[in-house]
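Visitor: Dropping in structure_8.txt, which is compact mmCIF, C-alpha atoms and all ligand atoms:
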```txt
# COMPACT_ATOMS: atom_id res chain seq x y z
CA MET G 1 -27.04 -3.15 9.69
CA ASP G 2 -23.70 -4.28 11.06
CA VAL G 3 -21.25 -1.51 10.16
CA THR G 4 -18.58 -4.07 9.38
CA GLU G 5 -20.75 -5.91 6.84
CA GLY G 6 -19.20 -5.91 3.39
CA PHE G 7 -15.73 -5.23 4.78
CA ALA G 8 -12.88 -7.71 5.00
CA ILE G 9 -10.94 -5.47 7.38
CA THR G 10 -12.10 -2.68 9.64
CA THR G 11 -10.16 -0.84 12.30
CA ARG G 12 -11.41 1.89 14.60
CA GLY G 13 -9.24 4.16 16.69
CA LEU G 14 -6.28 1.82 16.28
CA ARG G 15 -3.17 2.99 18.08
CA LYS G 16 0.29 1.62 18.68
CA THR G 17 3.24 3.30 20.35
CA TYR G 18 6.81 2.16 20.78
CA ARG G 19 9.10 3.25 23.54
CA GLY G 20 12.52 4.25 22.31
CA ARG G 21 15.58 6.16 23.46
CA ARG G 22 13.92 9.38 22.36
CA GLY G 23 10.71 8.67 24.25
CA VAL G 24 7.37 7.39 23.04
CA HIS G 25 6.99 7.06 19.30
CA VAL G 26 3.47 6.85 17.86
CA ALA G 27 3.64 4.31 15.02
CA VAL G 28 -0.12 4.05 14.40
CA ASP G 29 -2.39 6.86 15.49
CA ASP G 30 -6.19 6.64 15.68
CA LEU G 31 -6.38 4.64 12.45
CA ASN G 32 -9.79 3.90 10.93
CA LEU G 33 -9.44 1.49 8.02
CA ARG G 34 -12.17 -0.03 5.86
CA VAL G 35 -11.15 -2.59 3.30
CA PRO G 36 -14.11 -3.77 1.23
CA VAL G 37 -14.63 -7.44 0.46
CA GLY G 38 -13.33 -8.27 -3.03
CA GLY G 39 -10.74 -6.41 -5.08
CA VAL G 40 -7.24 -5.11 -4.47
CA HIS G 41 -6.85 -2.53 -1.72
CA GLY G 42 -3.62 -0.53 -1.78
CA PHE G 43 -2.38 0.34 1.71
CA LEU G 44 -0.04 3.18 0.95
CA GLY G 45 2.32 5.38 2.84
CA PRO G 46 5.93 6.51 3.01
CA ASN G 47 8.54 4.35 4.73
CA GLY G 48 7.92 4.26 8.44
CA SER G 49 4.30 5.42 8.19
CA GLY G 50 2.92 2.44 10.11
CA LYS G 51 1.81 -0.01 7.42
CA THR G 52 3.72 -3.03 8.69
CA THR G 53 2.77 -2.29 12.29
CA THR G 54 -0.91 -2.17 11.29
CA ILE G 55 -0.67 -5.45 9.41
CA ARG G 56 1.14 -7.09 12.30
CA MET G 57 -1.57 -5.95 14.70
CA LEU G 58 -4.28 -7.36 12.41
CA LEU G 59 -2.51 -10.70 12.37
CA GLY G 60 -2.02 -10.79 16.12
CA LEU G 61 1.76 -10.49 15.84
CA VAL G 62 1.88 -7.18 17.71
CA ARG G 63 -0.48 -6.02 20.43
CA ALA G 64 -2.35 -2.74 19.85
CA ASP G 65 -2.32 -0.12 22.63
CA SER G 66 -5.98 0.64 21.96
CA GLY G 67 -8.69 0.53 19.32
CA HIS G 68 -10.77 -2.13 17.62
CA MET G 69 -10.01 -4.41 14.69
CA ARG G 70 -12.23 -6.83 12.81
CA LEU G 71 -11.57 -9.34 10.06
CA PHE G 72 -14.78 -10.31 8.25
CA GLY G 73 -16.72 -8.82 11.14
CA GLN G 74 -14.93 -10.91 13.80
CA THR G 75 -13.09 -9.03 16.51
CA VAL G 76 -9.34 -9.68 16.43
CA PRO G 77 -7.10 -10.71 18.01
CA ASP G 78 -9.73 -12.43 20.24
CA ALA G 79 -11.45 -14.27 17.37
CA LEU G 80 -8.29 -14.90 15.34
CA PRO G 81 -8.52 -18.68 15.78
CA GLN G 82 -11.97 -18.62 14.13
CA VAL G 83 -10.99 -16.33 11.26
CA VAL G 84 -7.35 -17.11 10.62
CA GLY G 85 -8.23 -19.91 8.19
CA ARG G 86 -9.71 -17.27 5.88
CA VAL G 87 -6.54 -15.19 5.86
CA GLY G 88 -3.24 -15.74 4.05
CA ALA G 89 -0.39 -13.32 4.64
CA ILE G 90 3.18 -12.63 3.67
CA VAL G 91 4.65 -10.25 6.18
CA GLU G 92 8.25 -11.35 6.13
CA SER G 93 10.01 -13.49 3.54
CA PRO G 94 8.95 -17.03 4.31
CA THR G 95 11.59 -19.70 4.68
CA PHE G 96 11.75 -22.45 2.09
CA PHE G 97 14.28 -25.25 1.76
CA PRO G 98 16.73 -24.09 -0.93
CA ALA G 99 17.69 -27.58 -2.13
CA PHE G 100 14.09 -28.76 -2.54
CA SER G 101 11.89 -28.03 -5.52
CA GLY G 102 9.10 -25.49 -5.33
CA ARG G 103 6.61 -28.33 -5.43
CA LEU G 104 8.24 -30.31 -2.62
CA ASN G 105 8.41 -27.18 -0.46
CA LEU G 106 4.68 -26.65 -0.93
CA GLU G 107 3.90 -30.32 -0.35
CA LEU G 108 5.69 -30.18 2.99
CA LEU G 109 3.83 -27.02 3.90
CA ALA G 110 0.47 -28.47 2.81
CA GLY G 111 1.14 -31.47 5.04
CA ALA G 112 1.99 -29.21 7.97
CA ILE G 113 -1.19 -27.14 7.71
CA GLY G 114 -3.49 -30.00 6.72
CA ALA G 115 -4.19 -28.79 3.17
CA PRO G 116 -4.84 -31.50 0.58
CA ARG G 117 -1.84 -32.41 -1.56
CA THR G 118 -3.89 -31.92 -4.70
CA ARG G 119 -4.01 -28.27 -3.83
CA VAL G 120 -0.27 -27.87 -4.44
CA ASP G 121 -0.38 -28.04 -8.23
CA GLU G 122 -3.49 -25.86 -8.27
CA VAL G 123 -1.74 -23.05 -6.42
CA LEU G 124 1.44 -23.45 -8.47
CA ASP G 125 -0.72 -23.03 -11.54
CA GLU G 126 -2.47 -19.99 -10.05
CA VAL G 127 0.83 -18.13 -9.65
CA GLY G 128 2.21 -19.35 -12.98
CA LEU G 129 4.93 -21.62 -11.55
CA LEU G 130 3.64 -25.00 -12.61
CA ASP G 131 6.20 -25.46 -15.38
CA ARG G 132 9.05 -24.65 -12.96
CA ALA G 133 7.63 -26.70 -10.07
CA ARG G 134 10.34 -29.35 -10.30
CA ASP G 135 13.22 -26.86 -10.19
CA ARG G 136 15.15 -26.25 -7.03
CA TYR G 137 14.02 -23.25 -4.97
CA SER G 138 17.62 -21.96 -4.87
CA GLY G 139 17.56 -21.51 -8.64
CA TYR G 140 14.40 -19.38 -8.65
CA SER G 141 14.52 -15.67 -9.47
CA LEU G 142 13.41 -13.28 -6.72
CA GLY G 143 10.09 -12.85 -8.50
CA MET G 144 9.57 -16.62 -8.63
CA LYS G 145 10.45 -16.90 -4.93
CA GLN G 146 7.87 -14.28 -4.16
CA ARG G 147 5.27 -16.05 -6.29
CA LEU G 148 6.02 -19.29 -4.45
CA ALA G 149 5.39 -17.41 -1.21
CA ILE G 150 2.05 -16.26 -2.59
CA ALA G 151 1.29 -19.83 -3.66
CA ALA G 152 1.97 -20.95 -0.08
CA THR G 153 -0.59 -18.47 1.25
CA LEU G 154 -3.17 -19.86 -1.21
CA LEU G 155 -2.92 -23.45 0.00
CA LYS G 156 -5.73 -23.05 2.50
CA GLN G 157 -7.95 -21.12 0.04
CA PRO G 158 -8.06 -17.84 1.95
CA ASP G 159 -10.66 -15.16 1.28
CA LEU G 160 -8.28 -12.39 2.33
CA LEU G 161 -4.64 -12.08 1.29
CA ILE G 162 -2.34 -9.63 3.02
CA PHE G 163 0.92 -8.82 1.25
CA ASP G 164 3.37 -6.42 2.91
CA GLU G 165 5.51 -4.76 0.23
CA PRO G 166 5.47 -7.87 -1.99
CA THR G 167 7.46 -6.30 -4.80
CA ASN G 168 10.42 -5.12 -2.69
CA GLY G 169 13.63 -5.89 -4.52
CA LEU G 170 11.95 -7.18 -7.67
CA ASP G 171 12.85 -6.10 -11.20
CA PRO G 172 10.15 -4.63 -13.47
CA ALA G 173 9.30 -8.06 -14.92
CA GLY G 174 8.91 -9.51 -11.42
CA ILE G 175 6.74 -6.57 -10.35
CA HIS G 176 4.58 -7.05 -13.42
CA GLU G 177 4.10 -10.73 -12.57
CA ILE G 178 3.13 -10.07 -8.96
CA ARG G 179 0.69 -7.41 -10.09
CA GLY G 180 -0.87 -9.89 -12.50
CA THR G 181 -1.13 -12.47 -9.73
CA MET G 182 -2.84 -9.99 -7.38
CA ARG G 183 -5.29 -8.97 -10.10
CA ALA G 184 -6.12 -12.59 -10.85
CA LEU G 185 -6.73 -13.33 -7.16
CA ALA G 186 -9.06 -10.35 -6.85
CA ASP G 187 -10.88 -11.34 -10.01
CA GLN G 188 -11.68 -14.67 -8.33
CA GLY G 189 -13.55 -12.70 -5.68
CA ARG G 190 -10.80 -12.62 -3.08
CA THR G 191 -9.73 -9.55 -1.16
CA VAL G 192 -6.09 -8.52 -1.50
CA LEU G 193 -4.56 -5.97 0.85
CA VAL G 194 -1.20 -4.87 -0.52
CA SER G 195 1.02 -2.40 1.27
CA SER G 196 3.51 -0.33 -0.65
CA HIS G 197 5.40 2.92 -0.66
CA ILE G 198 5.77 2.71 -4.44
CA LEU G 199 2.63 4.27 -5.67
CA ALA G 200 3.00 3.73 -9.39
CA GLU G 201 3.02 -0.02 -8.80
CA VAL G 202 -0.18 -0.07 -6.81
CA GLU G 203 -1.93 2.48 -8.97
CA GLN G 204 -2.05 0.00 -11.82
CA VAL G 205 -3.73 -2.75 -9.84
CA ALA G 206 -5.65 -1.26 -6.88
CA ASP G 207 -9.42 -0.85 -6.91
CA THR G 208 -9.49 1.02 -3.61
CA VAL G 209 -6.74 2.63 -1.53
CA SER G 210 -5.97 3.94 1.92
CA ILE G 211 -3.18 6.47 2.25
CA ILE G 212 -1.46 6.89 5.59
CA ALA G 213 1.38 9.02 6.87
CA ARG G 214 2.77 9.11 10.41
CA GLY G 215 0.30 6.41 11.35
CA ARG G 216 -2.75 8.46 10.42
CA LEU G 217 -5.24 7.94 7.63
CA LEU G 218 -5.14 10.74 5.08
CA ALA G 219 -7.51 9.47 2.43
CA THR G 220 -9.41 6.33 1.57
CA GLY G 221 -11.83 5.15 -1.08
CA PRO G 222 -11.96 4.03 -4.69
CA LEU G 223 -8.69 4.81 -6.46
CA ALA G 224 -10.36 7.07 -9.01
CA GLU G 225 -12.02 9.10 -6.25
CA VAL G 226 -8.88 9.53 -4.17
CA VAL G 227 -6.84 10.49 -7.22
CA GLY G 228 -9.57 12.67 -8.67
CA ARG G 229 -10.09 14.53 -5.43
CA ARG G 230 -6.51 15.47 -4.86
CA GLY G 231 -4.52 14.41 -7.86
CA ALA G 232 -4.75 17.32 -10.25
CA ALA G 233 -1.46 18.97 -11.07
CA ALA G 234 -0.32 21.53 -13.58
CA ARG G 235 3.09 22.61 -14.79
CA VAL G 236 3.44 26.35 -15.08
CA VAL G 237 6.17 28.23 -16.94
CA VAL G 238 6.50 31.97 -16.27
CA PRO G 239 9.33 34.51 -16.67
CA ASP G 240 9.80 34.85 -12.88
CA ALA G 241 9.03 31.56 -11.11
CA ALA G 242 9.73 32.89 -7.61
CA ALA G 243 7.30 35.79 -7.99
CA ALA G 244 4.65 33.54 -9.52
CA ARG G 245 5.08 31.03 -6.73
CA ALA G 246 4.50 33.71 -4.11
CA VAL G 247 1.29 34.78 -5.87
CA LEU G 248 -0.05 31.25 -6.17
CA VAL G 249 0.81 30.35 -2.59
CA ALA G 250 -0.93 33.53 -1.43
CA ALA G 251 -3.97 32.32 -3.41
CA GLY G 252 -3.95 29.17 -1.29
CA MET G 253 -2.35 26.81 -3.79
CA GLN G 254 0.30 24.22 -3.15
CA VAL G 255 3.27 24.97 -5.37
CA GLU G 256 6.67 23.43 -5.81
CA HIS G 257 9.62 24.40 -8.03
CA ASP G 258 10.04 22.11 -11.00
CA GLY G 259 13.13 22.80 -13.11
CA ASP G 260 12.72 26.27 -14.61
CA GLY G 261 8.99 26.27 -13.87
CA LEU G 262 6.50 25.45 -11.13
CA ARG G 263 4.15 22.61 -10.36
CA VAL G 264 0.81 23.42 -8.83
CA LEU G 265 -0.62 20.48 -6.93
CA GLY G 266 -4.23 19.77 -6.11
CA GLU G 267 -5.70 22.61 -8.19
CA GLU G 268 -8.36 21.18 -10.44
CA ASP G 269 -9.23 24.40 -12.25
CA PRO G 270 -6.34 25.73 -14.40
CA GLY G 271 -8.38 28.89 -14.87
CA ARG G 272 -7.73 29.80 -11.23
CA ILE G 273 -3.98 29.65 -11.85
CA THR G 274 -4.20 31.86 -14.95
CA TRP G 275 -6.46 34.32 -13.19
CA ALA G 276 -4.36 34.62 -10.04
CA LEU G 277 -1.19 35.24 -12.03
CA ALA G 278 -2.83 37.68 -14.44
CA GLN G 279 -4.19 39.68 -11.49
CA ALA G 280 -0.59 40.11 -10.35
CA GLY G 281 0.55 41.14 -13.84
CA ILE G 282 2.30 37.82 -14.48
CA PHE G 283 1.59 36.22 -17.82
CA LEU G 284 2.03 32.56 -18.50
CA GLN G 285 4.42 31.19 -21.07
CA ALA G 286 2.93 27.73 -20.64
CA LEU G 287 0.41 25.89 -18.50
CA VAL G 288 0.32 22.14 -18.96
CA PRO G 289 -2.23 20.15 -16.96
CA GLU G 290 -0.67 16.85 -15.92
CA ARG G 291 -2.53 13.59 -15.85
CA ALA G 292 -3.78 13.15 -12.34
CA GLY G 293 -2.00 10.26 -10.73
CA LEU G 294 -1.81 8.62 -7.37
CA GLU G 295 1.62 10.13 -6.83
CA GLU G 296 0.26 13.67 -7.14
CA ALA G 297 -2.58 12.76 -4.82
CA PHE G 298 -0.11 11.29 -2.40
CA LEU G 299 2.25 14.27 -2.46
CA ALA G 300 -0.62 16.67 -2.02
CA LEU G 301 -1.94 14.67 0.91
CA THR G 302 1.33 14.04 2.66
CA ALA G 303 2.83 17.51 2.14
CA GLY G 304 4.18 18.72 5.45
CA THR G 305 4.02 15.34 7.16
CA ALA G 306 7.70 14.44 6.68
CA SER G 307 9.12 12.99 9.85
CA ALA G 308 11.51 15.01 11.94
CA SER G 309 13.48 11.84 12.49
CA GLY G 310 13.86 11.48 8.76
CA ASP G 311 12.54 7.96 8.55
CA GLU G 312 9.59 8.87 6.37
CA GLY G 313 11.06 9.46 2.98
CA VAL G 314 9.17 10.82 0.01
CA PRO G 315 7.78 7.90 -1.93
CA ALA G 316 9.66 6.68 -4.97
N1 LIG G 401 9.56 -3.00 17.10
C1 LIG G 401 9.67 -1.68 16.98
N2 LIG G 401 10.26 -0.95 17.96
C2 LIG G 401 10.34 0.38 17.87
N3 LIG G 401 9.85 1.10 16.83
C3 LIG G 401 9.26 0.45 15.83
C4 LIG G 401 9.12 -0.98 15.85
N4 LIG G 401 8.47 -1.36 14.72
C5 LIG G 401 8.21 -0.21 14.02
N5 LIG G 401 8.68 0.86 14.70
C6 LIG G 401 8.57 2.27 14.26
O1 LIG G 401 7.21 2.52 13.99
C7 LIG G 401 7.08 3.34 12.81
C8 LIG G 401 6.23 2.62 11.79
O2 LIG G 401 6.97 1.51 11.28
P1 LIG G 401 6.36 0.49 10.23
O3 LIG G 401 7.39 -0.55 9.97
O4 LIG G 401 5.02 0.06 10.67
O5 LIG G 401 6.19 1.41 8.94
P2 LIG G 401 5.98 1.02 7.43
O6 LIG G 401 5.00 2.01 6.90
O7 LIG G 401 5.64 -0.41 7.30
O8 LIG G 401 7.38 1.31 6.80
P3 LIG G 401 8.19 0.53 5.66
O9 LIG G 401 7.53 0.91 4.38
O10 LIG G 401 9.55 1.11 5.81
O11 LIG G 401 8.12 -0.93 5.97
C9 LIG G 401 8.50 3.63 12.33
O12 LIG G 401 8.88 4.89 12.81
C10 LIG G 401 9.30 2.53 12.96
O13 LIG G 401 10.62 2.96 13.18
```
Kindly transcribe the structure held in the file into structure tokens.
Guide:
Amino acid sequence: MDVTEGFAITTRGLRKTYRGRRGVHVAVDDLNLRVPVGGVHGFLGPNGSGKTTTIRMLLGLVRADSGHMRLFGQTVPDALPQVVGRVGAIVESPTFFPAFSGRLNLELLAGAIGAPRTRVDEVLDEVGLLDRARDRYSGYSLGMKQRLAIAATLLKQPDLLIFDEPTNGLDPAGIHEIRGTMRALADQGRTVLVSSHILAEVEQVADTVSIIARGRLLATGPLAEVVGRRGAAARVVVPDAAAARAVLVAAGMQVEHDGDGLRVLGEEDPGRITWALAQAGIFLQALVPERAGLEEAFLALTAGTASASGDEGVPA
């Protein structure tokens, strides 16, 4: 069987370096991605981890140093002309005419790409903008502007949508709307790849995720598996947090200070925490298992990968 069957996106050994004043910087490093057909795939990583660079390589906007990429089994960038009609992407904010209505902007675009005009109202409806279609673009909220951008990508009925940080700068209501739009698109059988450094946002909508840091893949798979594997956390309160921390670290656990207590990351068995501390004569005042979340999984996975240049912040 073709190893790329069933996948909208695959990359193998993908690498991209940039030359800067401080020498060669590896933006994407031996990246193996597999994005299944159908559903929302969260492409997650701290700022500067290589998400945009990867997306730009997939779309033929940046040339990879080495490695292989396929969209729906077709090698890109070579076969991009054959496959590009199946892909809609928002990588940078698209330009619309501010004085024209949302509908007129899309009609112009539909004309330019050869999409039928009847498609315009369909896509406006899909992103929930039909009742504001006659309003000027300049009067739209940021969330509405972003939904219009999504509508534009839908004109040619793509099977794969690629959104690079689509909720940047949006308020909670706008984020909620975009999430709803992505879910609806996936529920129609489309594949949505959404990059983000804000994990809580993606956690609520993603079916599968890939987590990268410093251009390297740290974990990938169904959300529940990635979170379940690494996401356990527990809050521990003890009389002497520093002593307890030393004991738990010596027992191989990942521990961080958390107010007057400690947080143990990635330990799925609270009994191991109790036992290790009791062995050292330290008795717990409280141990509260925390709901495993993508953020815990992410922190556990990316611990120690912070960039020396400081451009890879801890995710919000
Ligand atoms: N054109 C470029 N020239 C030099 N370095 C670049 C260029 N584009 C990206 N980089 C560097 O490559 C690394 C990866 O950047 P990239 O934008 O792909 O990350 P990202 O995960 O999308 O981050 P963000 O969430 O901030 O958008 C960063 O260290 C960045 O500074």
Visitor: By how many Å are CA of Gly102 (chain G) and CA of Phe43 (chain G) apart?
Guide: 29.1 Å
Visitor: Draw an axis-aligned box tight on the listed atoms of ligand LIG 401 (chain G), then pad every side by 6 Å and write out centre and edge lengths in Å to one decimal as AutoDock Vina command-line options.
Guide:
```
--center_x 7.8 --center_y 0.9 --center_z 11.2 --size_x 17.6 --size_y 19.9 --size_z 25.6
```
Visitor: Within 10 Å of Leu223 (chain G), counting all atoms listed in the file, which residues qualify if same-chain residues fewer than 2 places away don't, as a PyMOL selection string?
Guide: chain G and resi 41-42+202-210+220-221+225-229+293-294
Visitor: Please tabulate, as a Markdown table, the residues of chain G that come within 8 Å of ligand LIG 401 (chain G), each with its closest pair of atoms and the distance in Å to one decimal, counting all atoms listed in the file and ordering rows by chain, then residue number upward.
Guide:
```
| residue | atom | partner | partner_atom | distance |
| --- | --- | --- | --- | --- |
| G:Thr17 | CA | G:LIG401 | O1 | 7.5 |
| G:Tyr18 | CA | G:LIG401 | C2 | 4.9 |
| G:Arg19 | CA | G:LIG401 | C2 | 6.5 |
| G:Gly20 | CA | G:LIG401 | C2 | 6.3 |
| G:His25 | CA | G:LIG401 | O1 | 7.0 |
| G:Val26 | CA | G:LIG401 | O1 | 6.9 |
| G:Ala27 | CA | G:LIG401 | O1 | 4.1 |
| G:Val28 | CA | G:LIG401 | C8 | 7.0 |
| G:Leu44 | CA | G:LIG401 | O6 | 7.9 |
| G:Gly45 | CA | G:LIG401 | O6 | 5.9 |
| G:Pro46 | CA | G:LIG401 | O9 | 6.0 |
| G:Asn47 | CA | G:LIG401 | O10 | 3.6 |
| G:Gly48 | CA | G:LIG401 | O5 | 3.4 |
| G:Ser49 | CA | G:LIG401 | O6 | 3.7 |
| G:Gly50 | CA | G:LIG401 | O4 | 3.2 |
| G:Lys51 | CA | G:LIG401 | O6 | 3.8 |
| G:Thr52 | CA | G:LIG401 | O7 | 3.5 |
| G:Thr53 | CA | G:LIG401 | O4 | 3.6 |
| G:Thr54 | CA | G:LIG401 | O4 | 6.4 |
| G:Asp164 | CA | G:LIG401 | O7 | 7.8 |
| G:Glu165 | CA | G:LIG401 | O9 | 7.3 |
| G:Ser195 | CA | G:LIG401 | O7 | 7.9 |
| G:Ser196 | CA | G:LIG401 | O9 | 6.6 |
| G:His197 | CA | G:LIG401 | O9 | 5.8 |
| G:Ala213 | CA | G:LIG401 | O6 | 7.9 |
| G:Arg214 | CA | G:LIG401 | C8 | 7.5 |
| G:Gly215 | CA | G:LIG401 | C8 | 7.1 |
| G:Asp311 | CA | G:LIG401 | O12 | 6.4 |
| G:Glu312 | CA | G:LIG401 | O12 | 7.6 |
```
Visitor: How many Å lie between CA of Leu129 (chain G) and CA of Leu61 (chain G), rounded to one decimal?
Guide: 29.7 Å
Visitor: How many Å separate CA of Arg183 (chain G) from CA of Glu92 (chain G)?
Guide: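 Interatomic distance here is 21.3 Å.
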Visitor: Nearest to Ala233 (chain G): which of G:Gly143, G:Gly252, G:Gly261, G:Pro289 is it, counting all atoms listed in the file?
Guide: G:Pro289
Visitor: Rank G:Gly39, G:Gly6, G:Gly13, G:Pro172 by their smallest atom-to-atom distance to Pro222 (chain G), using only C-alpha atoms, and report the top residue only.
Guide: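 With only C-alpha atoms as the atom set, the closest residue is G:Gly39.
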Visitor: Mind completing region 34-61 of chain G with N, CA and C atoms? Output as a PDB file, in the coordinates of the input, please?
Guide:
```
ATOM      1  N   ARG G  34     -11.043   0.757   6.366  1.00  0.00           N
ATOM      2  CA  ARG G  34     -12.170  -0.030   5.860  1.00  0.00           C
ATOM      3  C   ARG G  34     -11.760  -0.614   4.532  1.00  0.00           C
ATOM      4  N   VAL G  35     -11.564  -1.905   4.525  1.00  0.00           N
ATOM      5  CA  VAL G  35     -11.150  -2.590   3.300  1.00  0.00           C
ATOM      6  C   VAL G  35     -12.332  -3.432   2.819  1.00  0.00           C
ATOM      7  N   PRO G  36     -12.924  -3.042   1.686  1.00  0.00           N
ATOM      8  CA  PRO G  36     -14.110  -3.770   1.230  1.00  0.00           C
ATOM      9  C   PRO G  36     -13.799  -5.202   0.808  1.00  0.00           C
ATOM     10  N   VAL G  37     -14.793  -6.047   0.912  1.00  0.00           N
ATOM     11  CA  VAL G  37     -14.630  -7.440   0.460  1.00  0.00           C
ATOM     12  C   VAL G  37     -14.523  -7.441  -1.069  1.00  0.00           C
ATOM     13  N   GLY G  38     -13.531  -8.154  -1.580  1.00  0.00           N
ATOM     14  CA  GLY G  38     -13.330  -8.270  -3.030  1.00  0.00           C
ATOM     15  C   GLY G  38     -12.498  -7.131  -3.568  1.00  0.00           C
ATOM     16  N   GLY G  39     -11.558  -7.444  -4.448  1.00  0.00           N
ATOM     17  CA  GLY G  39     -10.740  -6.410  -5.080  1.00  0.00           C
ATOM     18  C   GLY G  39      -9.400  -6.230  -4.394  1.00  0.00           C
ATOM     19  N   VAL G  40      -8.570  -5.404  -5.011  1.00  0.00           N
ATOM     20  CA  VAL G  40      -7.240  -5.110  -4.470  1.00  0.00           C
ATOM     21  C   VAL G  40      -7.311  -3.767  -3.752  1.00  0.00           C
ATOM     22  N   HIS G  41      -6.885  -3.772  -2.504  1.00  0.00           N
ATOM     23  CA  HIS G  41      -6.850  -2.530  -1.720  1.00  0.00           C
ATOM     24  C   HIS G  41      -5.391  -2.145  -1.480  1.00  0.00           C
ATOM     25  N   GLY G  42      -4.988  -1.013  -1.989  1.00  0.00           N
ATOM     26  CA  GLY G  42      -3.620  -0.530  -1.780  1.00  0.00           C
ATOM     27  C   GLY G  42      -3.524   0.188  -0.445  1.00  0.00           C
ATOM     28  N   PHE G  43      -2.598  -0.277   0.395  1.00  0.00           N
ATOM     29  CA  PHE G  43      -2.380   0.340   1.710  1.00  0.00           C
ATOM     30  C   PHE G  43      -1.054   1.095   1.585  1.00  0.00           C
ATOM     31  N   LEU G  44      -1.174   2.411   1.435  1.00  0.00           N
ATOM     32  CA  LEU G  44      -0.040   3.180   0.950  1.00  0.00           C
ATOM     33  C   LEU G  44       0.455   4.188   1.965  1.00  0.00           C
ATOM     34  N   GLY G  45       1.747   4.360   1.974  1.00  0.00           N
ATOM     35  CA  GLY G  45       2.320   5.380   2.840  1.00  0.00           C
ATOM     36  C   GLY G  45       3.820   5.362   2.705  1.00  0.00           C
ATOM     37  N   PRO G  46       4.471   6.473   3.076  1.00  0.00           N
ATOM     38  CA  PRO G  46       5.930   6.510   3.010  1.00  0.00           C
ATOM     39  C   PRO G  46       6.551   5.471   3.942  1.00  0.00           C
ATOM     40  N   ASN G  47       7.843   5.247   3.800  1.00  0.00           N
ATOM     41  CA  ASN G  47       8.540   4.350   4.730  1.00  0.00           C
ATOM     42  C   ASN G  47       8.322   4.845   6.140  1.00  0.00           C
ATOM     43  N   GLY G  48       8.057   3.911   7.025  1.00  0.00           N
ATOM     44  CA  GLY G  48       7.920   4.260   8.440  1.00  0.00           C
ATOM     45  C   GLY G  48       6.564   4.856   8.792  1.00  0.00           C
ATOM     46  N   SER G  49       5.584   4.771   7.907  1.00  0.00           N
ATOM     47  CA  SER G  49       4.300   5.420   8.190  1.00  0.00           C
ATOM     48  C   SER G  49       3.350   4.545   9.019  1.00  0.00           C
ATOM     49  N   GLY G  50       3.733   3.292   9.224  1.00  0.00           N
ATOM     50  CA  GLY G  50       2.920   2.440  10.110  1.00  0.00           C
ATOM     51  C   GLY G  50       2.202   1.295   9.417  1.00  0.00           C
ATOM     52  N   LYS G  51       2.527   1.042   8.177  1.00  0.00           N
ATOM     53  CA  LYS G  51       1.810  -0.010   7.420  1.00  0.00           C
ATOM     54  C   LYS G  51       2.084  -1.398   8.011  1.00  0.00           C
ATOM     55  N   THR G  52       3.374  -1.707   8.174  1.00  0.00           N
ATOM     56  CA  THR G  52       3.720  -3.030   8.690  1.00  0.00           C
ATOM     57  C   THR G  52       3.183  -3.218  10.099  1.00  0.00           C
ATOM     58  N   THR G  53       3.278  -2.197  10.920  1.00  0.00           N
ATOM     59  CA  THR G  53       2.770  -2.290  12.290  1.00  0.00           C
ATOM     60  C   THR G  53       1.273  -2.591  12.282  1.00  0.00           C
ATOM     61  N   THR G  54       0.541  -1.928  11.391  1.00  0.00           N
ATOM     62  CA  THR G  54      -0.910  -2.170  11.290  1.00  0.00           C
ATOM     63  C   THR G  54      -1.177  -3.615  10.901  1.00  0.00           C
ATOM     64  N   ILE G  55      -0.466  -4.071   9.885  1.00  0.00           N
ATOM     65  CA  ILE G  55      -0.670  -5.450   9.410  1.00  0.00           C
ATOM     66  C   ILE G  55      -0.325  -6.444  10.515  1.00  0.00           C
ATOM     67  N   ARG G  56       0.744  -6.172  11.226  1.00  0.00           N
ATOM     68  CA  ARG G  56       1.140  -7.090  12.300  1.00  0.00           C
ATOM     69  C   ARG G  56       0.099  -7.112  13.426  1.00  0.00           C
ATOM     70  N   MET G  57      -0.513  -5.975  13.673  1.00  0.00           N
ATOM     71  CA  MET G  57      -1.570  -5.950  14.700  1.00  0.00           C
ATOM     72  C   MET G  57      -2.775  -6.767  14.236  1.00  0.00           C
ATOM     73  N   LEU G  58      -3.132  -6.617  12.950  1.00  0.00           N
ATOM     74  CA  LEU G  58      -4.280  -7.360  12.410  1.00  0.00           C
ATOM     75  C   LEU G  58      -4.073  -8.864  12.505  1.00  0.00           C
ATOM     76  N   LEU G  59      -2.815  -9.274  12.369  1.00  0.00           N
ATOM     77  CA  LEU G  59      -2.510 -10.700  12.370  1.00  0.00           C
ATOM     78  C   LEU G  59      -2.168 -11.227  13.765  1.00  0.00           C
ATOM     79  N   GLY G  60      -2.279 -10.355  14.747  1.00  0.00           N
ATOM     80  CA  GLY G  60      -2.020 -10.790  16.120  1.00  0.00           C
ATOM     81  C   GLY G  60      -0.537 -10.961  16.424  1.00  0.00           C
ATOM     82  N   LEU G  61       0.320 -10.355  15.611  1.00  0.00           N
ATOM     83  CA  LEU G  61       1.760 -10.490  15.840  1.00  0.00           C
ATOM     84  C   LEU G  61       2.284  -9.390  16.756  1.00  0.00           C
TER      85      LEU G  61
END
```
